[in-house]
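Peer 1: Take a look at this one; I'll ask things after.
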Amino acid sequence: MKKIVFVGAGSVVFTHGLLADLVKFPELRGMRIALHDIDPERLQVAEAVARRITGDAATVTAHLDRREALDGADFVINMVQVGGYDSTVIDFEIPARYGLRQTIADTIGTGGVFRALRTFPLLDALAADITAVCPDALLLNYTNPMAMNVWYLSGKVRNVVGLCHSVYWTMRGLADLVAVPYEEISYVAAGVNHQAWVLRFERDGEDLYPRIDVEDPQLRRRVRIDMYRRLGYYPTETSEHSAEYVPWLMHHDSELDRLRIPVGEYLRVSEENVAEYKRTRDLVRHGGELDIAGTDEYAPQIIHSIVTGTPRVVYGNVVNDGLISNLPQGCVVEVPCVVDATGVRPTAVGALPPQCAALNRTYVSVNELTVRAALEGDPRHVRHALMIDPNTAASLTLDDIWRMADDLTRAHGDLLPEPLRAAR
């Protein structure tokens with residue numbers, strides 16, 4: 001049976017959800033699950049959780065050695081967060097000293113750029129191990145910043161797709177908003193990860209967009225509704241995410257209040273994640289009951305479709321090879337993908353509405369400069385990425401952008417690629 005490797009399995013809650021999804025498929029019975037993490041305690045907890053969830057439906061092994069875990073893999077699920085909670089705090093606290101506000105800081109922006117830079121060395125090592133022991137494996141990446149990581153990996157492994165649940169849950173939410181069952185809607189979305197656009201939203205040929213009541217005073221206080229009203233297309237990520245990808249909001253107190261933008265939200269989320277891990281660890285240690293609930297994530301669905309030939313459409317982050325005609329060739333875009341026994345096949349969507357493509361191109365420029373900084377070993381490109389980033393550029397002077405980058409470089413230290421560790 002197929003071997004599925006979890007890299008960063010110490011993200012116990014996420015591992016838990018993916019395993020619960022996998023065991024729902026009887027056709028995957030007998031699968032081999034290999035768990036890898038560099039933290040012995042977290043790995044031990046993940047193994048105990050995995051054995052409870054899978055029972056006799058899978059064999060489970062745990063490995064501190066990554067290459068050992070990867071040997072013979074068919075599917076590799078990457079969910080590593082390099083630096084963990086401590087690095088996340090740095091990504092928020094140092095920019096805040098300069099007056100830069102962030103909400104999630106994991107996609108573009110100052111936090112996203114530095115999260116990418118400290119992830120790239122891990123991706124180099126992971127790609128080398130995959131090439132050595134499982135070169136045909138499909139790498140399913142969940143680690144953010146999604147687009148930067150997939151772009152960086154694209155020349156290093158044969159098969160990689162980035163997965164995010166934002167499109168799925170956006171459409172679930174829109175279906176609820178217009179009071180139509182999700183199973184009855186059809187839709188197409190495309191763009192870049194966390195900033196894709198709902199291009200079509202229908203039921204039985206009826207355009208459901210007009211049912212979104214933008215006059216509702218509470219809805220009008222959502223960033224996503226505000227963007228929809230002005231751009232004509234609904235963005236596929238939450239309001240707190242969407243707020244920090246544009247130049248108009250985060251540095252205005254009045255806009256923070258009007259749109260109820262939660263500055264520093266991801267710090268609170270991260271604290272909750274740490275607390276949830278500890279609760280799970282204690283339940284395992286004391287024999288408590290686990291809530292084995294699925295998550296409807298794409299990775300288990302992709303694995304099931306490839307193993308059984310069951311066709312599905314999922315949303316994937318892949319290299320733009322003519323998929324979106326008015327975004328740069330070679331960048332990473334989020335588009336519908338058909339999955340069956342032949343693998344994951346992205347579908348071309350043509351041109352985005354020009355106003356949507358314009359915003360996406362700024363996002364793509366931050367991605368490109370960050371990836372180039374690492375590939376070319378040029379620390380100036382780190383600063384260039386921050387100069388181009390919408391929120392950073394709108395909030396700080398150029399001198400402060402460079403000083404902030406120097407401070408973050410010193411703070412993250414050896415986690416960054418060696419050529420990028422010098423302040424410039």
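All residue names refer to the structure tokens as shown: chains lettered A, B, ... in order, residues numbered from 1 in each chain, ligands numbered from 1 in order.
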Skip His384 in chain A itself and residues of its chain fewer than 5 positions away, then list as a list of chain:residue names all residues within 12 Å of it, counting only C-alpha atoms.

Peer 2: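 Near neighbours after the sequence-gap exclusion: A:Gly109, A:Thr110, A:Val113, A:Ser365, A:Val366, A:Asn367, A:Glu368, A:Leu369, A:Thr370, A:Val371, A:Arg372, A:Ala373, A:Asp378, A:Pro379, A:Asp389, A:Pro390, A:Thr392, A:Ala393, A:Leu398, A:Ile401, A:Trp402, A:Ala405, A:Arg424.
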
Peer 1: List every residue of range 132-307 of chain A that DSSP, applied to the backbone of this structure, assigns to strand (DSSP E), and report them as a ChimeraX atom specification.

Peer 2: /A:138-141,160-163,186-192,195-203,206-207,234-235

Peer 1: Find the spatial neighbours of Ser325 in chain A, counting only C-alpha atoms, within a cut-off of 9 Å - ignore same-chain residues fewer than 4 positions away - and output them as a compact mmCIF listing (two decimals) with all heavy atoms, in the first residue's frame.

Peer 2:
# COMPACT_ATOMS: atom_id res chain seq x y z
N ASN A 320 2.93 29.02 -12.80
CA ASN A 320 2.10 29.59 -13.84
C ASN A 320 2.72 29.33 -15.21
O ASN A 320 3.56 30.08 -15.69
CB ASN A 320 1.93 31.10 -13.63
CG ASN A 320 0.94 31.71 -14.61
OD1 ASN A 320 0.00 31.04 -15.05
ND2 ASN A 320 1.14 32.98 -14.94
N ASP A 321 2.28 28.26 -15.82
CA ASP A 321 2.71 27.92 -17.18
C ASP A 321 1.55 28.21 -18.13
O ASP A 321 0.91 27.30 -18.66
CB ASP A 321 3.11 26.44 -17.23
CG ASP A 321 3.63 26.01 -18.59
OD1 ASP A 321 3.91 26.89 -19.43
OD2 ASP A 321 3.75 24.79 -18.83
N GLN A 329 4.67 34.68 -16.20
CA GLN A 329 5.03 33.28 -16.42
C GLN A 329 6.07 32.87 -15.37
O GLN A 329 7.00 33.61 -15.07
CB GLN A 329 5.62 33.13 -17.83
CG GLN A 329 5.85 31.71 -18.28
CD GLN A 329 4.59 31.05 -18.83
OE1 GLN A 329 3.50 31.61 -18.70
NE2 GLN A 329 4.73 29.91 -19.46
N ALA A 348 -6.15 25.89 -17.04
CA ALA A 348 -5.95 27.28 -17.42
C ALA A 348 -7.26 28.05 -17.25
O ALA A 348 -8.33 27.56 -17.62
CB ALA A 348 -5.47 27.37 -18.86
N VAL A 349 -7.17 29.27 -16.71
CA VAL A 349 -8.36 30.09 -16.51
C VAL A 349 -8.33 31.35 -17.36
O VAL A 349 -9.29 32.13 -17.34
CB VAL A 349 -8.54 30.46 -15.03
CG1 VAL A 349 -8.76 29.24 -14.18
CG2 VAL A 349 -7.36 31.27 -14.52
N GLY A 350 -7.26 31.58 -18.11
CA GLY A 350 -7.18 32.77 -18.95
C GLY A 350 -6.80 34.00 -18.15
O GLY A 350 -6.03 33.93 -17.19
N ALA A 351 -7.34 35.15 -18.54
CA ALA A 351 -6.99 36.42 -17.90
C ALA A 351 -7.90 36.72 -16.71
O ALA A 351 -9.11 36.49 -16.77
CB ALA A 351 -7.07 37.56 -18.91
N LEU A 352 -7.33 37.22 -15.65
CA LEU A 352 -8.10 37.73 -14.53
C LEU A 352 -8.65 39.12 -14.87
O LEU A 352 -8.11 39.82 -15.74
CB LEU A 352 -7.21 37.86 -13.29
CG LEU A 352 -6.61 36.59 -12.70
CD1 LEU A 352 -5.70 36.95 -11.53
CD2 LEU A 352 -7.69 35.61 -12.27

Peer 1: Which is closest to Gly232 in chain A among A:Pro354, A:Gly55, A:Gly287, A:Gly10, if we use only C-alpha atoms?

Peer 2: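 Of the candidates, the smallest distance to Gly232 in chain A is held by A:Pro354.
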
Peer 1: CA of Pro419 in chain A to CA of Cys331 in chain A: how many Å, to one decimal?

Peer 2: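 We find that CA of Pro419 in chain A and CA of Cys331 in chain A lie 23.4 Å from each other.
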
Peer 1: Which of these residues is nearest to Asn360 in chain A, using only C-alpha atoms: A:Leu396, A:Ile108, A:Val5, A:Val167?

Peer 2: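 Of all the options, A:Ile108 lies closest to Asn360 in chain A.
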
Peer 1: Within 9 Å of Gly343 in chain A, counting only C-alpha atoms, which residues qualify if same-chain residues fewer than 5 places away don't, as number ranges by chain?

Peer 2: A: 138, 302, 305-306, 338

Peer 1: Would you write out those residues with all heavy atoms, as a short mmCIF file (atom, residue, chain, number, x, y, z; two decimals), in the first residue's frame?

Peer 2:
data_model
loop_
_atom_site.label_atom_id
_atom_site.label_comp_id
_atom_site.auth_asym_id
_atom_site.auth_seq_id
_atom_site.Cartn_x
_atom_site.Cartn_y
_atom_site.Cartn_z
N LEU A 138 4.99 12.72 -4.66
CA LEU A 138 4.27 13.98 -4.80
C LEU A 138 4.38 14.74 -3.48
O LEU A 138 3.93 14.25 -2.44
CB LEU A 138 2.80 13.73 -5.14
CG LEU A 138 1.89 14.97 -5.19
CD1 LEU A 138 2.38 15.98 -6.21
CD2 LEU A 138 0.45 14.56 -5.48
N ILE A 302 -6.63 14.29 -2.52
CA ILE A 302 -5.70 14.08 -3.64
C ILE A 302 -5.14 12.66 -3.58
O ILE A 302 -5.07 11.95 -4.59
CB ILE A 302 -4.57 15.12 -3.60
CG1 ILE A 302 -5.13 16.49 -3.99
CG2 ILE A 302 -3.42 14.73 -4.52
CD1 ILE A 302 -4.15 17.64 -3.79
N SER A 305 -7.76 10.20 -4.68
CA SER A 305 -8.02 10.25 -6.12
C SER A 305 -6.92 9.59 -6.92
O SER A 305 -7.17 8.87 -7.90
CB SER A 305 -8.19 11.71 -6.57
OG SER A 305 -9.43 12.22 -6.15
N ILE A 306 -5.67 9.82 -6.53
CA ILE A 306 -4.55 9.22 -7.26
C ILE A 306 -4.52 7.71 -7.06
O ILE A 306 -4.28 6.94 -7.99
CB ILE A 306 -3.23 9.88 -6.84
CG1 ILE A 306 -3.20 11.33 -7.34
CG2 ILE A 306 -2.03 9.10 -7.37
CD1 ILE A 306 -2.00 12.13 -6.89
N VAL A 338 -7.56 19.35 -11.68
CA VAL A 338 -8.24 18.06 -11.79
C VAL A 338 -7.29 16.99 -11.26
O VAL A 338 -6.10 16.96 -11.61
CB VAL A 338 -8.62 17.75 -13.25
CG1 VAL A 338 -9.25 16.36 -13.35
CG2 VAL A 338 -9.58 18.81 -13.78
#

Peer 1: So that I can check the surroundings of Arg172 in chain A, please list as a PyMOL selection string every protein, DNA and RNA residue that reaches within 10 Å of it, counting only C-alpha atoms and ignoring chain neighbours fewer than 5 positions away.

Peer 2: chain A and resi 166-167+177+180-183+185

Peer 1: So which one's closest to Ala293 in chain A, A:Ala20, A:Leu140, A:Met1, A:Leu123? Using only C-alpha atoms, please.

Peer 2: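 Between A:Ala20, A:Leu140, A:Met1, A:Leu123, the residue approaching Ala293 in chain A most closely is A:Ala20.
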
Peer 1: Mind listing the helix (DSSP H, G or I) residues of range 113-313 of chain A, per DSSP on the backbone, as a ChimeraX atom specification?

Peer 2: /A:113-133,146-153,166-177,182-184,209-211,219-221,223-231,239-243,253-258,265-286,298-308

Peer 1: Write a file of the selected residues as a compact mmCIF listing (two decimals), in the first residue's frame, keeping C-alpha atoms.

Peer 2:
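Output contents, as saved in result.txt:
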# COMPACT_ATOMS: atom_id res chain seq x y z
CA VAL A 113 9.27 37.57 3.75
CA PHE A 114 11.23 36.54 6.85
CA ARG A 115 9.14 33.42 7.37
CA ALA A 116 10.06 32.41 3.82
CA LEU A 117 13.75 33.13 4.31
CA ARG A 118 14.01 30.95 7.38
CA THR A 119 12.02 28.18 5.64
CA PHE A 120 14.14 28.01 2.48
CA PRO A 121 17.10 26.16 4.10
CA LEU A 122 14.67 23.50 5.33
CA LEU A 123 13.21 23.24 1.82
CA ASP A 124 16.71 22.77 0.38
CA ALA A 125 17.34 19.88 2.75
CA LEU A 126 13.90 18.36 2.19
CA ALA A 127 14.29 18.57 -1.59
CA ALA A 128 17.70 16.89 -1.41
CA ASP A 129 16.29 14.04 0.67
CA ILE A 130 13.31 13.56 -1.65
CA THR A 131 15.61 13.51 -4.69
CA ALA A 132 17.80 10.91 -3.01
CA VAL A 133 15.22 8.43 -1.68
CA MET A 146 2.70 29.11 0.27
CA ALA A 147 3.49 30.86 -3.01
CA MET A 148 7.10 31.67 -2.10
CA ASN A 149 7.78 28.15 -0.86
CA VAL A 150 6.32 26.44 -3.92
CA TRP A 151 8.20 28.86 -6.21
CA TYR A 152 11.45 28.08 -4.37
CA LEU A 153 10.81 24.32 -4.55
CA SER A 166 -8.96 29.22 1.75
CA VAL A 167 -10.95 28.73 -1.48
CA TYR A 168 -12.98 25.85 -0.05
CA TRP A 169 -13.91 27.64 3.17
CA THR A 170 -14.56 30.90 1.34
CA MET A 171 -17.11 29.16 -0.83
CA ARG A 172 -18.65 27.43 2.18
CA GLY A 173 -19.02 30.83 3.78
CA LEU A 174 -20.47 32.45 0.66
CA ALA A 175 -22.98 29.62 0.28
CA ASP A 176 -24.13 30.24 3.86
CA LEU A 177 -24.25 33.98 3.24
CA TYR A 182 -22.86 24.35 -0.63
CA GLU A 183 -23.55 21.14 -2.57
CA GLU A 184 -25.76 23.09 -4.99
CA TYR A 209 -23.25 37.34 -6.67
CA PRO A 210 -26.28 39.69 -6.61
CA ARG A 211 -27.56 37.87 -3.52
CA LEU A 219 -21.19 43.05 6.30
CA ARG A 220 -19.88 46.41 5.12
CA ARG A 221 -17.47 46.32 8.07
CA VAL A 223 -12.52 43.87 4.63
CA ARG A 224 -13.58 41.24 2.10
CA ILE A 225 -16.94 42.88 1.48
CA ASP A 226 -15.24 46.26 1.17
CA MET A 227 -12.86 44.84 -1.44
CA TYR A 228 -15.74 43.14 -3.25
CA ARG A 229 -17.72 46.40 -3.37
CA ARG A 230 -14.79 48.27 -4.88
CA LEU A 231 -13.21 45.61 -7.10
CA SER A 239 -10.63 39.75 6.22
CA GLU A 240 -7.76 39.71 8.70
CA HIS A 241 -5.50 38.15 6.05
CA SER A 242 -6.70 40.37 3.22
CA ALA A 243 -6.19 43.60 5.18
CA ASP A 253 -6.58 54.12 12.79
CA SER A 254 -9.95 55.00 11.29
CA GLU A 255 -9.79 52.06 8.87
CA LEU A 256 -8.78 49.63 11.61
CA ASP A 257 -11.87 50.73 13.51
CA ARG A 258 -14.24 50.87 10.54
CA GLU A 265 -4.22 38.33 15.38
CA TYR A 266 -1.76 35.56 14.54
CA LEU A 267 0.02 35.93 17.85
CA ARG A 268 -3.27 35.06 19.56
CA VAL A 269 -3.84 32.17 17.15
CA SER A 270 -0.32 30.89 17.79
CA GLU A 271 -0.84 31.00 21.54
CA GLU A 272 -4.04 29.00 21.10
CA ASN A 273 -2.21 26.46 18.93
CA VAL A 274 0.44 25.98 21.61
CA ALA A 275 -2.27 25.56 24.23
CA GLU A 276 -4.14 23.06 22.03
CA TYR A 277 -0.96 21.02 21.57
CA LYS A 278 -0.48 20.90 25.33
CA ARG A 279 -4.09 19.78 25.85
CA THR A 280 -3.64 17.02 23.27
CA ARG A 281 -0.34 15.96 24.85
CA ASP A 282 -1.95 15.72 28.28
CA LEU A 283 -4.94 13.77 26.93
CA VAL A 284 -2.58 11.26 25.33
CA ARG A 285 -0.52 10.92 28.49
CA HIS A 286 -3.55 10.35 30.70
CA TYR A 298 -7.25 18.64 0.06
CA ALA A 299 -4.25 16.38 0.70
CA PRO A 300 -6.27 13.29 1.72
CA GLN A 301 -8.62 13.86 -1.22
CA ILE A 302 -5.70 14.08 -3.64
CA ILE A 303 -4.16 10.90 -2.26
CA HIS A 304 -7.47 9.07 -2.53
CA SER A 305 -8.02 10.25 -6.12
CA ILE A 306 -4.55 9.22 -7.26
CA VAL A 307 -4.77 5.82 -5.55
CA THR A 308 -8.31 4.99 -6.70

Peer 1: Go through A:Gln195, A:Asn159, A:Gln218, A:Gln102 and flag the residue nearest Leu139 in chain A, using only C-alpha atoms for the distances.

Peer 2: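 Looking only at the distances to Leu139 in chain A, the closest residue turns out to be A:Asn159.
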
Peer 1: To one decimal place in Å, what is the distance between CA of Val7 in chain A and CA of Glu47 in chain A?

Peer 2: 12.6 Å

Peer 1: What is the CA of Gly99 in chain A to CA of Ile388 in chain A distance in Å?

Peer 2: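 Separating CA of Gly99 in chain A from CA of Ile388 in chain A is a distance of 17.3 Å.
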
Peer 1: Choose the residue, out of A:Ser186, A:Gly111, A:His16, A:Gln44, that has the smallest atom-to-atom separation from Pro95 in chain A; count only C-alpha atoms.

Peer 2: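 So, comparing all the options, the nearest one is A:Gly111.
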